[in-house]
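As stored in upload_1.pdb (PDB, C-alpha atoms, pLDDT in the B column):
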ATOM      1  CA  MET A  29     267.302  37.405 297.682  1.00 39.00           C
ATOM      2  CA  ALA A  30     264.009  35.700 296.885  1.00 42.00           C
ATOM      3  CA  GLY A  31     262.404  39.101 296.297  1.00 41.00           C
ATOM      4  CA  ILE A  32     265.143  40.063 293.848  1.00 43.00           C
ATOM      5  CA  VAL A  33     264.735  36.921 291.793  1.00 44.00           C
ATOM      6  CA  ARG A  34     261.091  37.771 291.177  1.00 58.00           C
ATOM      7  CA  ASN A  35     262.149  40.875 289.276  1.00 77.00           C
ATOM      8  CA  ASP A  36     262.223  40.431 285.524  1.00 85.00           C
ATOM      9  CA  LEU A  37     265.838  40.105 284.348  1.00 90.00           C
ATOM     10  CA  THR A  38     265.023  40.315 280.624  1.00 90.00           C
ATOM     11  CA  ASN A  39     267.549  42.297 278.513  1.00 89.00           C
ATOM     12  CA  LYS A  40     270.083  42.402 281.339  1.00 90.00           C
ATOM     13  CA  HIS A  41     273.659  41.131 281.138  1.00 90.00           C
ATOM     14  CA  PHE A  42     275.300  38.851 283.675  1.00 91.00           C
ATOM     15  CA  ASN A  43     278.942  38.068 282.921  1.00 88.00           C
ATOM     16  CA  ASN A  44     278.888  36.270 279.524  1.00 85.00           C
ATOM     17  CA  LEU A  45     275.116  35.862 279.459  1.00 90.00           C
ATOM     18  CA  TRP A  46     272.453  38.102 277.949  1.00 90.00           C
ATOM     19  CA  VAL A  47     268.908  37.423 279.177  1.00 92.00           C
ATOM     20  CA  VAL A  48     266.469  37.073 276.286  1.00 90.00           C
ATOM     21  CA  SER A  49     263.242  36.202 278.077  1.00 89.00           C
ATOM     22  CA  ARG A  50     261.718  34.604 281.133  1.00 88.00           C
ATOM     23  CA  SER A  51     261.150  30.877 280.647  1.00 85.00           C
ATOM     24  CA  ASN A  52     257.956  28.934 281.321  1.00 82.00           C
ATOM     25  CA  PHE A  53     260.096  26.128 282.733  1.00 76.00           C
ATOM     26  CA  LYS A  54     259.665  25.920 286.515  1.00 71.00           C
ATOM     27  CA  GLY A  55     262.127  23.182 287.354  1.00 65.00           C
ATOM     28  CA  THR A  56     261.509  19.584 288.371  1.00 63.00           C
ATOM     29  CA  GLY A  57     261.149  19.970 292.132  1.00 61.00           C
ATOM     30  CA  LYS A  58     258.090  20.781 294.191  1.00 64.00           C
ATOM     31  CA  LYS A  59     259.141  24.391 294.643  1.00 72.00           C
ATOM     32  CA  SER A  60     258.653  26.731 291.694  1.00 74.00           C
ATOM     33  CA  VAL A  61     261.934  28.180 290.400  1.00 82.00           C
ATOM     34  CA  VAL A  62     262.398  31.095 287.998  1.00 87.00           C
ATOM     35  CA  PHE A  63     264.463  30.300 284.882  1.00 89.00           C
ATOM     36  CA  TYR A  64     265.538  32.547 282.011  1.00 91.00           C
ATOM     37  CA  ASN A  65     266.391  31.946 278.357  1.00 90.00           C
ATOM     38  CA  CYS A  66     269.860  33.366 277.765  1.00 90.00           C
ATOM     39  CA  ILE A  67     272.389  33.803 274.979  1.00 89.00           C
ATOM     40  CA  CYS A  68     276.060  33.319 275.794  1.00 86.00           C
ATOM     41  CA  LYS A  69     278.844  35.400 274.223  1.00 81.00           C
ATOM     42  CA  CYS A  70     279.985  32.254 272.424  1.00 78.00           C
ATOM     43  CA  GLY A  71     276.592  32.156 270.673  1.00 78.00           C
ATOM     44  CA  ASN A  72     275.108  29.252 272.598  1.00 78.00           C
ATOM     45  CA  ALA A  73     271.603  29.319 274.061  1.00 82.00           C
ATOM     46  CA  ALA A  74     271.284  28.502 277.748  1.00 83.00           C
ATOM     47  CA  LEU A  75     268.488  28.027 280.284  1.00 87.00           C
ATOM     48  CA  VAL A  76     269.638  29.516 283.586  1.00 89.00           C
ATOM     49  CA  ARG A  77     268.097  29.849 287.012  1.00 88.00           C
ATOM     50  CA  GLY A  78     267.494  33.504 287.896  1.00 89.00           C
ATOM     51  CA  ARG A  79     269.144  33.225 291.301  1.00 88.00           C
ATOM     52  CA  ASN A  80     272.294  31.855 289.678  1.00 87.00           C
ATOM     53  CA  LEU A  81     272.450  34.801 287.285  1.00 91.00           C
ATOM     54  CA  ILE A  82     272.223  37.334 290.087  1.00 89.00           C
ATOM     55  CA  SER A  83     274.692  35.572 292.352  1.00 86.00           C
ATOM     56  CA  GLY A  84     277.190  35.033 289.551  1.00 86.00           C
ATOM     57  CA  HIS A  85     277.181  31.283 290.115  1.00 84.00           C
ATOM     58  CA  THR A  86     276.449  30.788 286.393  1.00 86.00           C
ATOM     59  CA  LYS A  87     278.631  33.001 284.191  1.00 85.00           C
ATOM     60  CA  SER A  88     278.263  31.328 280.797  1.00 84.00           C
ATOM     61  CA  CYS A  89     276.659  28.432 278.951  1.00 81.00           C
ATOM     62  CA  GLY A  90     279.562  26.355 280.193  1.00 74.00           C
ATOM     63  CA  CYS A  91     282.109  27.470 277.611  1.00 73.00           C
ATOM     64  CA  LEU A  92     284.233  29.191 280.262  1.00 69.00           C
ATOM     65  CA  HIS A  93     284.925  25.768 281.702  1.00 60.00           C
ATOM     66  CA  THR A  94     285.924  24.262 278.361  1.00 57.00           C
ATOM     67  CA  LYS A  95     289.286  22.557 278.632  1.00 54.00           C
ATOM     68  CA  HIS A  96     290.040  22.060 274.930  1.00 56.00           C
ATOM     69  CA  GLY A  97     292.616  24.884 274.954  1.00 59.00           C
ATOM     70  CA  PHE A  98     292.004  26.008 271.364  1.00 64.00           C
ATOM     71  CA  SER A  99     289.485  28.800 271.850  1.00 62.00           C
ATOM     72  CA  ASN A 100     291.890  31.746 271.823  1.00 60.00           C
ATOM     73  CA  LYS A 101     294.239  30.324 269.213  1.00 69.00           C
ATOM     74  CA  GLU A 102     292.201  29.113 266.287  1.00 81.00           C
ATOM     75  CA  ARG A 103     290.360  30.893 263.474  1.00 88.00           C
ATOM     76  CA  LEU A 104     288.074  27.863 263.398  1.00 90.00           C
ATOM     77  CA  TYR A 105     286.843  28.660 266.905  1.00 88.00           C
ATOM     78  CA  GLN A 106     285.759  32.111 265.739  1.00 87.00           C
ATOM     79  CA  THR A 107     283.944  30.469 262.813  1.00 91.00           C
ATOM     80  CA  TRP A 108     282.117  28.251 265.300  1.00 91.00           C
ATOM     81  CA  LYS A 109     281.148  31.187 267.531  1.00 88.00           C
ATOM     82  CA  ASN A 110     279.957  33.337 264.623  1.00 90.00           C
ATOM     83  CA  MET A 111     277.893  30.484 263.191  1.00 93.00           C
ATOM     84  CA  ARG A 112     276.113  30.084 266.516  1.00 91.00           C
ATOM     85  CA  ARG A 113     275.573  33.792 266.988  1.00 89.00           C
ATOM     86  CA  ARG A 114     273.919  34.092 263.577  1.00 91.00           C
ATOM     87  CA  CYS A 115     271.465  31.372 264.562  1.00 92.00           C
ATOM     88  CA  ASN A 116     270.910  32.054 268.276  1.00 89.00           C
ATOM     89  CA  ASP A 117     271.385  35.744 269.035  1.00 88.00           C
ATOM     90  CA  PRO A 118     268.590  38.126 267.885  1.00 88.00           C
ATOM     91  CA  ARG A 119     270.997  41.040 268.418  1.00 85.00           C
ATOM     92  CA  ASN A 120     273.353  39.747 265.737  1.00 86.00           C
ATOM     93  CA  LYS A 121     273.065  41.829 262.546  1.00 85.00           C
ATOM     94  CA  ARG A 122     272.828  38.651 260.439  1.00 84.00           C
ATOM     95  CA  TYR A 123     270.283  36.893 262.641  1.00 88.00           C
ATOM     96  CA  LYS A 124     267.339  37.763 260.361  1.00 86.00           C
ATOM     97  CA  ASN A 125     268.914  35.714 257.538  1.00 83.00           C
ATOM     98  CA  TYR A 126     269.682  32.743 259.790  1.00 88.00           C
ATOM     99  CA  GLY A 127     267.989  32.219 263.154  1.00 90.00           C
ATOM    100  CA  GLY A 128     265.192  34.538 262.045  1.00 88.00           C
ATOM    101  CA  ARG A 129     264.494  32.143 259.152  1.00 86.00           C
ATOM    102  CA  GLY A 130     264.497  29.115 261.452  1.00 90.00           C
ATOM    103  CA  ILE A 131     268.037  27.976 260.659  1.00 90.00           C
ATOM    104  CA  LYS A 132     269.689  26.207 263.593  1.00 92.00           C
ATOM    105  CA  VAL A 133     272.988  24.660 264.615  1.00 93.00           C
ATOM    106  CA  CYS A 134     272.654  20.932 265.266  1.00 93.00           C
ATOM    107  CA  SER A 135     272.962  19.761 268.879  1.00 89.00           C
ATOM    108  CA  GLU A 136     276.121  17.787 268.050  1.00 91.00           C
ATOM    109  CA  TRP A 137     277.930  21.024 267.261  1.00 92.00           C
ATOM    110  CA  ASN A 138     277.072  22.617 270.603  1.00 85.00           C
ATOM    111  CA  ASP A 139     280.411  21.049 271.590  1.00 84.00           C
ATOM    112  CA  TYR A 140     283.277  22.832 269.861  1.00 85.00           C
ATOM    113  CA  MET A 141     285.460  19.726 269.805  1.00 86.00           C
ATOM    114  CA  ASN A 142     282.810  17.832 267.807  1.00 89.00           C
ATOM    115  CA  PHE A 143     282.693  20.681 265.306  1.00 92.00           C
ATOM    116  CA  ARG A 144     286.487  20.900 265.193  1.00 90.00           C
ATOM    117  CA  ASN A 145     286.923  17.193 264.568  1.00 90.00           C
ATOM    118  CA  TRP A 146     284.341  17.285 261.766  1.00 93.00           C
ATOM    119  CA  ALA A 147     286.011  20.326 260.187  1.00 93.00           C
ATOM    120  CA  HIS A 148     289.484  18.816 260.085  1.00 91.00           C
ATOM    121  CA  SER A 149     288.095  15.543 258.747  1.00 90.00           C
ATOM    122  CA  ASN A 150     286.341  17.350 255.910  1.00 91.00           C
ATOM    123  CA  GLY A 151     289.005  19.501 254.306  1.00 89.00           C
ATOM    124  CA  TYR A 152     289.097  22.596 256.530  1.00 91.00           C
ATOM    125  CA  ASN A 153     291.931  25.088 256.258  1.00 88.00           C
ATOM    126  CA  ASP A 154     292.175  28.748 257.241  1.00 86.00           C
ATOM    127  CA  SER A 155     291.514  29.990 253.699  1.00 84.00           C
ATOM    128  CA  LEU A 156     288.041  28.408 253.604  1.00 87.00           C
ATOM    129  CA  THR A 157     284.649  29.301 255.022  1.00 87.00           C
ATOM    130  CA  ILE A 158     281.707  27.149 256.063  1.00 90.00           C
ATOM    131  CA  ASP A 159     278.862  26.850 253.543  1.00 87.00           C
ATOM    132  CA  ARG A 160     275.437  25.201 253.774  1.00 87.00           C
ATOM    133  CA  ILE A 161     274.653  23.072 250.721  1.00 82.00           C
ATOM    134  CA  ASN A 162     270.900  23.572 251.177  1.00 83.00           C
ATOM    135  CA  HIS A 163     270.542  27.226 252.134  1.00 79.00           C
ATOM    136  CA  ASP A 164     267.212  26.572 253.808  1.00 80.00           C
ATOM    137  CA  GLY A 165     268.780  23.798 255.894  1.00 87.00           C
ATOM    138  CA  ASN A 166     270.574  23.795 259.218  1.00 92.00           C
ATOM    139  CA  TYR A 167     274.225  23.821 260.145  1.00 95.00           C
ATOM    140  CA  GLU A 168     274.892  20.083 260.456  1.00 94.00           C
ATOM    141  CA  PRO A 169     277.499  17.657 259.081  1.00 94.00           C
ATOM    142  CA  GLN A 170     275.425  16.369 256.169  1.00 93.00           C
ATOM    143  CA  ASN A 171     274.527  19.898 254.994  1.00 91.00           C
ATOM    144  CA  CYS A 172     277.855  21.705 255.321  1.00 92.00           C
ATOM    145  CA  ARG A 173     281.113  21.918 253.429  1.00 90.00           C
ATOM    146  CA  TRP A 174     284.218  24.108 253.291  1.00 90.00           C
ATOM    147  CA  VAL A 175     284.517  26.462 250.304  1.00 82.00           C
ATOM    148  CA  ASP A 176     286.543  29.488 249.250  1.00 75.00           C
ATOM    149  CA  PHE A 177     285.115  32.985 249.515  1.00 58.00           C
ATOM    150  CA  LYS A 178     284.311  33.165 245.804  1.00 58.00           C
ATOM    151  CA  ILE A 179     281.935  30.187 246.001  1.00 55.00           C
ATOM    152  CA  GLN A 180     280.479  31.516 249.238  1.00 56.00           C
ATOM    153  CA  ALA A 181     279.743  34.872 247.608  1.00 56.00           C
ATOM    154  CA  ASN A 182     277.986  33.168 244.716  1.00 55.00           C
ATOM    155  CA  ASN A 183     275.813  31.167 247.092  1.00 56.00           C
ATOM    156  CA  MET A 184     274.684  34.002 249.359  1.00 53.00           C
ATOM    157  CA  THR A 185     270.895  34.352 249.541  1.00 48.00           C
ATOM    158  CA  ILE A 186     271.216  38.147 249.576  1.00 48.00           C
ATOM    159  CA  ASN A 187     273.285  38.202 246.379  1.00 54.00           C
ATOM    160  CA  LYS A 188     271.897  40.409 243.613  1.00 65.00           C
ATOM    161  CA  LEU A 189     271.071  38.495 240.423  1.00 71.00           C
ATOM    162  CA  ILE A 190     271.575  39.887 236.916  1.00 80.00           C
ATOM    163  CA  LYS A 191     269.852  38.550 233.802  1.00 81.00           C
ATOM    164  CA  TYR A 192     271.780  38.885 230.551  1.00 85.00           C
ATOM    165  CA  GLN A 193     271.248  37.122 227.205  1.00 86.00           C
ATOM    166  CA  GLY A 194     268.957  34.537 228.744  1.00 83.00           C
ATOM    167  CA  LYS A 195     271.345  33.667 231.584  1.00 82.00           C
ATOM    168  CA  VAL A 196     271.257  34.524 235.286  1.00 76.00           C
ATOM    169  CA  PHE A 197     274.445  35.663 237.023  1.00 79.00           C
ATOM    170  CA  THR A 198     275.423  36.681 240.544  1.00 74.00           C
ATOM    171  CA  LEU A 199     277.506  39.868 240.723  1.00 75.00           C
ATOM    172  CA  SER A 200     280.783  37.996 241.021  1.00 75.00           C
ATOM    173  CA  GLN A 201     279.856  35.659 238.145  1.00 79.00           C
ATOM    174  CA  PHE A 202     278.860  38.589 235.927  1.00 84.00           C
ATOM    175  CA  ALA A 203     282.055  40.484 236.712  1.00 84.00           C
ATOM    176  CA  GLU A 204     284.072  37.404 235.770  1.00 83.00           C
ATOM    177  CA  TYR A 205     282.014  36.897 232.605  1.00 85.00           C
ATOM    178  CA  LEU A 206     282.755  40.481 231.501  1.00 87.00           C
ATOM    179  CA  ASN A 207     286.373  40.324 232.670  1.00 87.00           C
ATOM    180  CA  LEU A 208     285.530  43.376 234.744  1.00 86.00           C
ATOM    181  CA  PRO A 209     286.794  44.073 238.290  1.00 86.00           C
ATOM    182  CA  TYR A 210     284.091  43.325 240.843  1.00 77.00           C
ATOM    183  CA  LYS A 211     284.346  46.821 242.343  1.00 79.00           C
ATOM    184  CA  ALA A 212     283.924  48.350 238.906  1.00 84.00           C
ATOM    185  CA  LEU A 213     280.692  46.433 238.402  1.00 84.00           C
ATOM    186  CA  GLN A 214     279.440  47.516 241.823  1.00 79.00           C
ATOM    187  CA  HIS A 215     280.317  51.130 241.018  1.00 83.00           C
ATOM    188  CA  ARG A 216     278.441  51.089 237.716  1.00 86.00           C
ATOM    189  CA  LEU A 217     275.367  49.506 239.261  1.00 82.00           C
ATOM    190  CA  ALA A 218     275.426  52.098 242.055  1.00 78.00           C
ATOM    191  CA  ARG A 219     275.320  54.796 239.360  1.00 82.00           C
ATOM    192  CA  HIS A 220     272.239  53.105 237.837  1.00 82.00           C
ATOM    193  CA  TRP A 221     273.892  52.200 234.572  1.00 88.00           C
ATOM    194  CA  SER A 222     271.879  49.979 232.243  1.00 88.00           C
ATOM    195  CA  ILE A 223     273.159  46.456 231.624  1.00 88.00           C
ATOM    196  CA  ASP A 224     273.949  47.343 228.000  1.00 89.00           C
ATOM    197  CA  ARG A 225     276.040  50.316 229.071  1.00 90.00           C
ATOM    198  CA  ILE A 226     277.873  48.204 231.678  1.00 90.00           C
ATOM    199  CA  VAL A 227     278.657  45.545 229.079  1.00 90.00           C
ATOM    200  CA  ASN A 228     279.719  47.896 226.295  1.00 90.00           C
ATOM    201  CA  THR A 229     281.760  50.470 228.226  1.00 90.00           C
ATOM    202  CA  PRO A 230     285.439  49.540 228.559  1.00 85.00           C
ATOM    203  CA  LEU A 231     287.505  50.474 231.594  1.00 81.00           C
ATOM    204  CA  ARG A 232     289.647  53.581 231.266  1.00 72.00           C
ATOM    205  CA  GLY A 233     292.950  52.991 233.002  1.00 57.00           C
ATOM    206  CA  LYS A 234     292.439  52.038 236.637  1.00 51.00           C
ATOM    207  CA  GLN A 235     289.126  53.840 236.979  1.00 49.00           C
ATOM    208  CA  TYR A 236     286.129  51.928 238.238  1.00 49.00           C
ATOM    209  CA  GLY A 237     283.582  54.082 236.469  1.00 47.00           C
ATOM    210  CA  ALA A 238     283.096  54.923 232.799  1.00 46.00           C
TER
END
Rewritten as structure tokens:
Amino acid sequence: MAGIVRNDLTNKHFNNLWVVSRSNFKGTGKKSVVFYNCICKCGNAALVRGRNLISGHTKSCGCLHTKHGFSNKERLYQTWKNMRRRCNDPRNKRYKNYGGRGIKVCSEWNDYMNFRNWAHSNGYNDSLTIDRINHDGNYEPQNCRWVDFKIQANNMTINKLIKYQGKVFTLSQFAEYLNLPYKALQHRLARHWSIDRIVNTPLRGKQYGA
């Protein structure tokens, strides 16, 4: 077994854990031990001994042993997992805009129950989504709030901005300003219409184009 542990386990999967890299941490005892930096399916980062990965002794970051009983029932739990994946998992398609920019989830919210209690004490319901007030800041109680999807769309860092008559609009704001369906605005922009043409061309029936 000792010979197997010496093999590099990077990029391999063990139960709920994906191995990101070999760690420089050697343990606290006299004998050197091989540890790996891992990402759990729940989005949490974990430092795991190589032998425990191979043997199956460690299957997750600890979330499999969570006793809160809400994980498979609540939309909020999925919000928590997705938030952590965006910040911790380089494989996540949104990682570059979150963890790749240095955005982290505070240590307090590594525990789902802490996050859940904060959410329900701060106006959460299933129609809302989590939003960072400072978009260069971390996910933490003092920097987060619950908003509807319209506000979230306006606050997205990847949102396209449109300048018109000295004002700056996001796509959703501009569509509302023109009283134009959002999809119609997207369609016109995709066809490379000028802003003047977009503004001055009325909708024809239910069409999204000219």
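Within the 6 Å cut-off around segment 128-141 of chain A, using only C-alpha atoms and omitting residues fewer than 5 positions from it on the same chain, the listed residues are A:Cys115, A:Tyr123, A:Asn166, A:Tyr167, A:Glu168.
Here atom CA of Asp36 of chain A stands at a distance of 23.5 Å from atom CA of Cys70 of chain A.
For the pair atom CA of Gly151 of chain A and atom CA of Trp174 of chain A, the interatomic distance is 6.7 Å.
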From A:Leu199, A:His41, A:Ile67, A:Arg112, residue lying nearest Leu217 of chain A [only C-alpha atoms]: A:Leu199
Within 10 Å of Leu104 of chain A, counting only C-alpha atoms, which residues qualify if same-chain residues fewer than 5 places away don't, as a PyMOL selection string? chain A and resi 98-99+109-110+140+143-144+147-148+152-154+156-158
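Contact shell of Lys87 of chain A at 7 Å (all atoms listed in the file; same-chain neighbours under 3 positions omitted): Phe42, Asn43, Asn44, Leu45 and Gly84 of chain A.
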Coordinates-based distance that separates atom CA of Asn120 of chain A from atom CA of Asn52 of chain A (Å, one decimal): 24.4 Å
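Applied to the file shown here, the PyMOL selection byres ((chain A and resi 228) around 12) selects Leu206, Asn207, Leu208, Arg216, Trp221, Ser222, Ile223, Asp224, Arg225, Ile226, Val227, Thr229, Pro230, Leu231 and Ala238 of chain A.
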Within 12 Å of file point (279.0, 31.4, 284.0), counting only C-alpha atoms, expressed as an MDAnalysis selection string: chainID A and resid 41:46 66:70 74:77 80:94
Name the residues that the PyMOL selection byres ((chain A and resi 198) around 6) pulls out of this structure, and write them as a tab-separated table (two decimals) with C-alpha atoms, in the frame of the given file.
chain	number	residue	atom	x	y	z
A	188	LYS	CA	271.90	40.41	243.61
A	189	LEU	CA	271.07	38.49	240.42
A	197	PHE	CA	274.44	35.66	237.02
A	199	LEU	CA	277.51	39.87	240.72
A	200	SER	CA	280.78	38.00	241.02
A	201	GLN	CA	279.86	35.66	238.14
Set the distance at 9 Å and use all atoms listed in the file: which residues neighbour Leu37 of chain A once local chain neighbours fewer than 3 positions away are removed? I'd like the list as an MDAnalysis selection string. chainID A and resid 33:34 40:41 47:50 64 78 81
6 Å per side around segment 66-70 of chain A: axis-aligned box centre and edge lengths, as AutoDock Vina command-line options:
--center_x 274.9 --center_y 33.8 --center_z 275.1 --size_x 22.1 --size_y 15.1 --size_z 17.3
